[in-house]
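With mmCIF, C-alpha atoms; chains and numbers go by the auth columns inside, this is input.cif:
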```
data_model
loop_
_atom_site.group_PDB
_atom_site.id
_atom_site.type_symbol
_atom_site.label_atom_id
_atom_site.label_comp_id
_atom_site.label_asym_id
_atom_site.label_seq_id
_atom_site.Cartn_x
_atom_site.Cartn_y
_atom_site.Cartn_z
_atom_site.B_iso_or_equiv
_atom_site.auth_seq_id
_atom_site.auth_asym_id
ATOM 1 C CA MET A 1 0.000 0.000 0.000 0.00 1 A
ATOM 2 C CA ALA A 2 1.378 3.419 -0.923 0.00 2 A
ATOM 3 C CA ARG A 3 2.260 5.647 1.960 0.00 3 A
ATOM 4 C CA PRO A 4 0.524 9.021 1.595 0.00 4 A
ATOM 5 C CA VAL A 5 2.799 11.957 0.949 0.00 5 A
ATOM 6 C CA SER A 6 1.823 14.858 3.129 0.00 6 A
ATOM 7 C CA PRO A 7 2.854 18.480 2.952 0.00 7 A
ATOM 8 C CA SER A 8 4.997 19.925 5.719 0.00 8 A
ATOM 9 C CA SER A 9 3.272 21.275 8.769 0.00 9 A
ATOM 10 C CA ASN A 10 3.884 24.848 7.652 0.00 10 A
ATOM 11 C CA PRO A 11 0.410 26.080 6.645 0.00 11 A
ATOM 12 C CA ALA A 12 1.749 28.729 4.268 0.00 12 A
ATOM 13 C CA GLY A 13 3.713 26.071 2.394 0.00 13 A
ATOM 14 C CA ASP A 14 6.928 27.982 2.950 0.00 14 A
ATOM 15 C CA ALA A 15 10.101 26.033 3.456 0.00 15 A
ATOM 16 C CA SER A 16 11.528 28.613 5.842 0.00 16 A
ATOM 17 C CA PRO A 17 13.905 28.371 7.314 0.00 17 A
ATOM 18 C CA GLU A 18 15.046 26.975 4.015 0.00 18 A
ATOM 19 C CA SER A 19 15.935 23.301 4.139 0.00 19 A
ATOM 20 C CA PRO A 20 19.175 21.995 2.639 0.00 20 A
ATOM 21 C CA ARG A 21 17.033 20.008 0.185 0.00 21 A
ATOM 22 C CA ILE A 22 15.302 23.141 -1.142 0.00 22 A
ATOM 23 C CA THR A 23 18.615 25.035 -1.280 0.00 23 A
ATOM 24 C CA ARG A 24 20.167 22.221 -3.318 0.00 24 A
ATOM 25 C CA GLU A 25 17.152 22.085 -5.637 0.00 25 A
ATOM 26 C CA LYS A 26 17.477 25.832 -6.253 0.00 26 A
ATOM 27 C CA ARG A 27 21.169 25.489 -7.087 0.00 27 A
ATOM 28 C CA THR A 28 20.365 22.628 -9.456 0.00 28 A
ATOM 29 C CA ILE A 29 17.664 24.517 -11.366 0.00 29 A
ATOM 30 C CA GLN A 30 19.857 27.603 -11.642 0.00 30 A
ATOM 31 C CA ALA A 31 22.746 25.526 -13.004 0.00 31 A
ATOM 32 C CA MET A 32 20.420 23.862 -15.529 0.00 32 A
ATOM 33 C CA LEU A 33 19.087 27.210 -16.684 0.00 33 A
ATOM 34 C CA ARG A 34 22.617 28.598 -17.144 0.00 34 A
ATOM 35 C CA LEU A 35 23.581 25.596 -19.290 0.00 35 A
ATOM 36 C CA TYR A 36 20.437 25.886 -21.389 0.00 36 A
ATOM 37 C CA CYS A 37 20.573 29.662 -21.828 0.00 37 A
ATOM 38 C CA ARG A 38 24.259 29.649 -22.830 0.00 38 A
ATOM 39 C CA ALA A 39 23.552 27.084 -25.523 0.00 39 A
ATOM 40 C CA HIS A 40 20.256 28.484 -26.829 0.00 40 A
ATOM 41 C CA HIS A 41 20.064 32.205 -26.107 0.00 41 A
ATOM 42 C CA ARG A 42 23.027 34.106 -24.724 0.00 42 A
ATOM 43 C CA PRO A 43 26.634 33.031 -24.268 0.00 43 A
ATOM 44 C CA GLY A 44 28.176 34.223 -21.011 0.00 44 A
ATOM 45 C CA GLU A 45 27.152 34.246 -17.375 0.00 45 A
ATOM 46 C CA GLU A 46 24.001 36.387 -17.604 0.00 46 A
ATOM 47 C CA LEU A 47 20.668 34.739 -18.337 0.00 47 A
ATOM 48 C CA CYS A 48 18.460 36.199 -21.058 0.00 48 A
ATOM 49 C CA GLU A 49 15.161 37.796 -20.031 0.00 49 A
ATOM 50 C CA GLU A 50 13.152 34.650 -20.858 0.00 50 A
ATOM 51 C CA CYS A 51 15.418 32.433 -18.737 0.00 51 A
ATOM 52 C CA ARG A 52 15.497 34.966 -15.873 0.00 52 A
ATOM 53 C CA GLU A 53 11.704 34.903 -15.861 0.00 53 A
ATOM 54 C CA LEU A 54 11.684 31.098 -15.772 0.00 54 A
ATOM 55 C CA ALA A 55 14.311 31.067 -12.992 0.00 55 A
ATOM 56 C CA ALA A 56 12.287 33.504 -10.887 0.00 56 A
ATOM 57 C CA TYR A 57 9.158 31.391 -11.406 0.00 57 A
ATOM 58 C CA ALA A 58 10.935 28.127 -10.514 0.00 58 A
ATOM 59 C CA LEU A 59 12.523 29.633 -7.383 0.00 59 A
ATOM 60 C CA CYS A 60 9.153 31.031 -6.309 0.00 60 A
ATOM 61 C CA ARG A 61 7.559 27.589 -6.742 0.00 61 A
ATOM 62 C CA LEU A 62 10.337 26.032 -4.637 0.00 62 A
ATOM 63 C CA ASP A 63 9.861 28.661 -1.919 0.00 63 A
ATOM 64 C CA ARG A 64 6.167 27.788 -1.798 0.00 64 A
ATOM 65 C CA CYS A 65 6.554 24.016 -1.999 0.00 65 A
ATOM 66 C CA PRO A 66 4.192 22.511 0.580 0.00 66 A
ATOM 67 C CA PHE A 67 6.495 19.510 1.089 0.00 67 A
ATOM 68 C CA GLY A 68 9.493 21.539 2.259 0.00 68 A
ATOM 69 C CA ALA A 69 12.387 19.344 3.352 0.00 69 A
ATOM 70 C CA GLU A 70 10.426 16.209 2.397 0.00 70 A
ATOM 71 C CA LYS A 71 10.214 17.341 -1.238 0.00 71 A
ATOM 72 C CA THR A 72 10.808 14.817 -4.002 0.00 72 A
ATOM 73 C CA THR A 73 11.993 15.821 -7.437 0.00 73 A
ATOM 74 C CA CYS A 74 9.286 17.732 -9.289 0.00 74 A
ATOM 75 C CA ALA A 75 8.830 14.893 -11.796 0.00 75 A
ATOM 76 C CA LEU A 76 7.698 12.589 -8.965 0.00 76 A
ATOM 77 C CA CYS A 77 5.610 15.149 -7.104 0.00 77 A
ATOM 78 C CA PRO A 78 1.906 14.360 -6.687 0.00 78 A
ATOM 79 C CA ILE A 79 1.121 18.102 -6.925 0.00 79 A
ATOM 80 C CA HIS A 80 2.056 19.810 -10.185 0.00 80 A
ATOM 81 C CA CYS A 81 2.222 23.443 -9.134 0.00 81 A
ATOM 82 C CA TYR A 82 3.676 24.823 -12.387 0.00 82 A
ATOM 83 C CA LYS A 83 1.373 26.487 -14.903 0.00 83 A
ATOM 84 C CA PRO A 84 1.213 24.350 -18.073 0.00 84 A
ATOM 85 C CA VAL A 85 3.253 26.827 -20.156 0.00 85 A
ATOM 86 C CA MET A 86 5.975 27.128 -17.525 0.00 86 A
ATOM 87 C CA ARG A 87 5.974 23.367 -17.002 0.00 87 A
ATOM 88 C CA ALA A 88 6.615 22.839 -20.712 0.00 88 A
ATOM 89 C CA ARG A 89 9.441 25.396 -20.643 0.00 89 A
ATOM 90 C CA ILE A 90 11.159 23.873 -17.605 0.00 90 A
ATOM 91 C CA LYS A 91 10.837 20.376 -19.093 0.00 91 A
ATOM 92 C CA GLU A 92 12.598 21.610 -22.231 0.00 92 A
ATOM 93 C CA VAL A 93 15.404 23.061 -20.098 0.00 93 A
ATOM 94 C CA MET A 94 15.725 19.852 -18.087 0.00 94 A
ATOM 95 C CA ARG A 95 15.765 17.647 -21.187 0.00 95 A
ATOM 96 C CA TYR A 96 18.681 19.632 -22.574 0.00 96 A
ATOM 97 C CA ALA A 97 20.604 20.347 -19.369 0.00 97 A
ATOM 98 C CA GLY A 98 19.990 17.126 -17.442 0.00 98 A
ATOM 99 C CA PRO A 99 22.461 14.913 -19.321 0.00 99 A
ATOM 100 C CA ARG A 100 25.033 17.740 -19.440 0.00 100 A
ATOM 101 C CA MET A 101 24.838 18.258 -15.679 0.00 101 A
ATOM 102 C CA LEU A 102 26.889 15.086 -15.113 0.00 102 A
ATOM 103 C CA LEU A 103 29.846 16.740 -16.855 0.00 103 A
ATOM 104 C CA ARG A 104 29.410 20.333 -15.674 0.00 104 A
ATOM 105 C CA HIS A 105 27.972 19.871 -12.174 0.00 105 A
ATOM 106 C CA PRO A 106 28.441 16.198 -11.262 0.00 106 A
ATOM 107 C CA VAL A 107 27.749 16.559 -7.531 0.00 107 A
ATOM 108 C CA LEU A 108 24.470 18.399 -8.088 0.00 108 A
ATOM 109 C CA ALA A 109 23.451 15.922 -10.796 0.00 109 A
ATOM 110 C CA ILE A 110 24.163 12.872 -8.655 0.00 110 A
ATOM 111 C CA ARG A 111 22.417 14.351 -5.617 0.00 111 A
ATOM 112 C CA HIS A 112 19.385 15.140 -7.804 0.00 112 A
ATOM 113 C CA MET A 113 19.312 11.543 -9.082 0.00 113 A
ATOM 114 C CA ILE A 114 19.550 10.247 -5.495 0.00 114 A
ATOM 115 C CA ASP A 115 16.701 12.549 -4.445 0.00 115 A
ATOM 116 C CA GLY A 116 14.636 11.195 -7.346 0.00 116 A
ATOM 117 C CA ARG A 117 15.307 7.598 -6.376 0.00 117 A
ATOM 118 C CA ARG A 118 14.590 8.341 -2.728 0.00 118 A
ATOM 119 C CA GLY A 119 11.249 9.908 -3.675 0.00 119 A
ATOM 120 C CA SER A 120 10.209 6.992 -5.877 0.00 120 A
ATOM 121 C CA ARG A 121 11.189 4.471 -3.213 0.00 121 A
ATOM 122 C CA GLU A 122 9.213 6.346 -0.517 0.00 122 A
ATOM 123 C CA ALA A 123 6.166 6.583 -2.789 0.00 123 A
ATOM 124 C CA ALA A 124 6.264 2.803 -3.263 0.00 124 A
ATOM 125 C CA LEU A 125 6.173 2.114 0.496 0.00 125 A
#
```

Transcribe the structure of this file into structure tokens.
Amino acid sequence: MARPVSPSSNPAGDASPESPRITREKRTIQAMLRLYCRAHHRPGEELCEECRELAAYALCRLDRCPFGAEKTTCALCPIHCYKPVMRARIKEVMRYAGPRMLLRHPVLAIRHMIDGRRGSREAAL
């Protein structure tokens, strides 16, 4: 029988003080967006306006995640809090940047894969 996944006890859904899990997820999404933007929009360190908008949206969603420190990867989350358009955009970024993360940011990539496996294992219990 699947164990129910419940949001954190914080009624506002804020993860404050910010958990190490949320901090790591933020670093991962920012690294993915930098890889994607450099390859598709603007070479250099600065993100283009479109990618800055997506980064701000993703970070806001992470700040408001009701699961807080117990958060799984977004792909395994039972609540899809992204608007459909933004979800499609972030999926495109992740499809491109995900495989490249192992070369550019191996620690973040491996931790993200572990978090994904941990979430799928807990959902199966």

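Between CA of His41 (chain A) and CA of Tyr57 (chain A) the interatomic distance comes to 18.3 Å.
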
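Of note, CA of Glu92 (chain A) and CA of Thr73 (chain A) are spaced 15.9 Å apart.
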
Kindly extract all protein, DNA and RNA residues lying within 9 Å of the coordinates (15.3, 11.3, -12.2) given in the file, considering only C-alpha atoms, and supply them as a short mmCIF file (atom, residue, chain, number, x, y, z; two decimals) with C-alpha atoms, keeping the file's coordinate frame.
```cif
data_model
loop_
_atom_site.label_atom_id
_atom_site.label_comp_id
_atom_site.auth_asym_id
_atom_site.auth_seq_id
_atom_site.Cartn_x
_atom_site.Cartn_y
_atom_site.Cartn_z
CA THR A 73 11.99 15.82 -7.44
CA ALA A 75 8.83 14.89 -11.80
CA LEU A 76 7.70 12.59 -8.96
CA HIS A 112 19.39 15.14 -7.80
CA MET A 113 19.31 11.54 -9.08
CA ILE A 114 19.55 10.25 -5.50
CA ASP A 115 16.70 12.55 -4.44
CA GLY A 116 14.64 11.20 -7.35
CA ARG A 117 15.31 7.60 -6.38
#
```

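Of the listed residues (A:Ala39, A:Leu47, A:Ala69, A:Lys83), A:Ala69 comes nearest to Arg24 (chain A); the distances count only C-alpha atoms.
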
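Candidate residues A:Arg95, A:Arg100, A:Arg64, A:His105 were compared for distance to Arg27 (chain A), and the nearest is A:His105, using only C-alpha atoms.
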
Interatomic distance (Å, one decimal) between CA of Cys65 (chain A) and CA of Cys81 (chain A): 8.4 Å
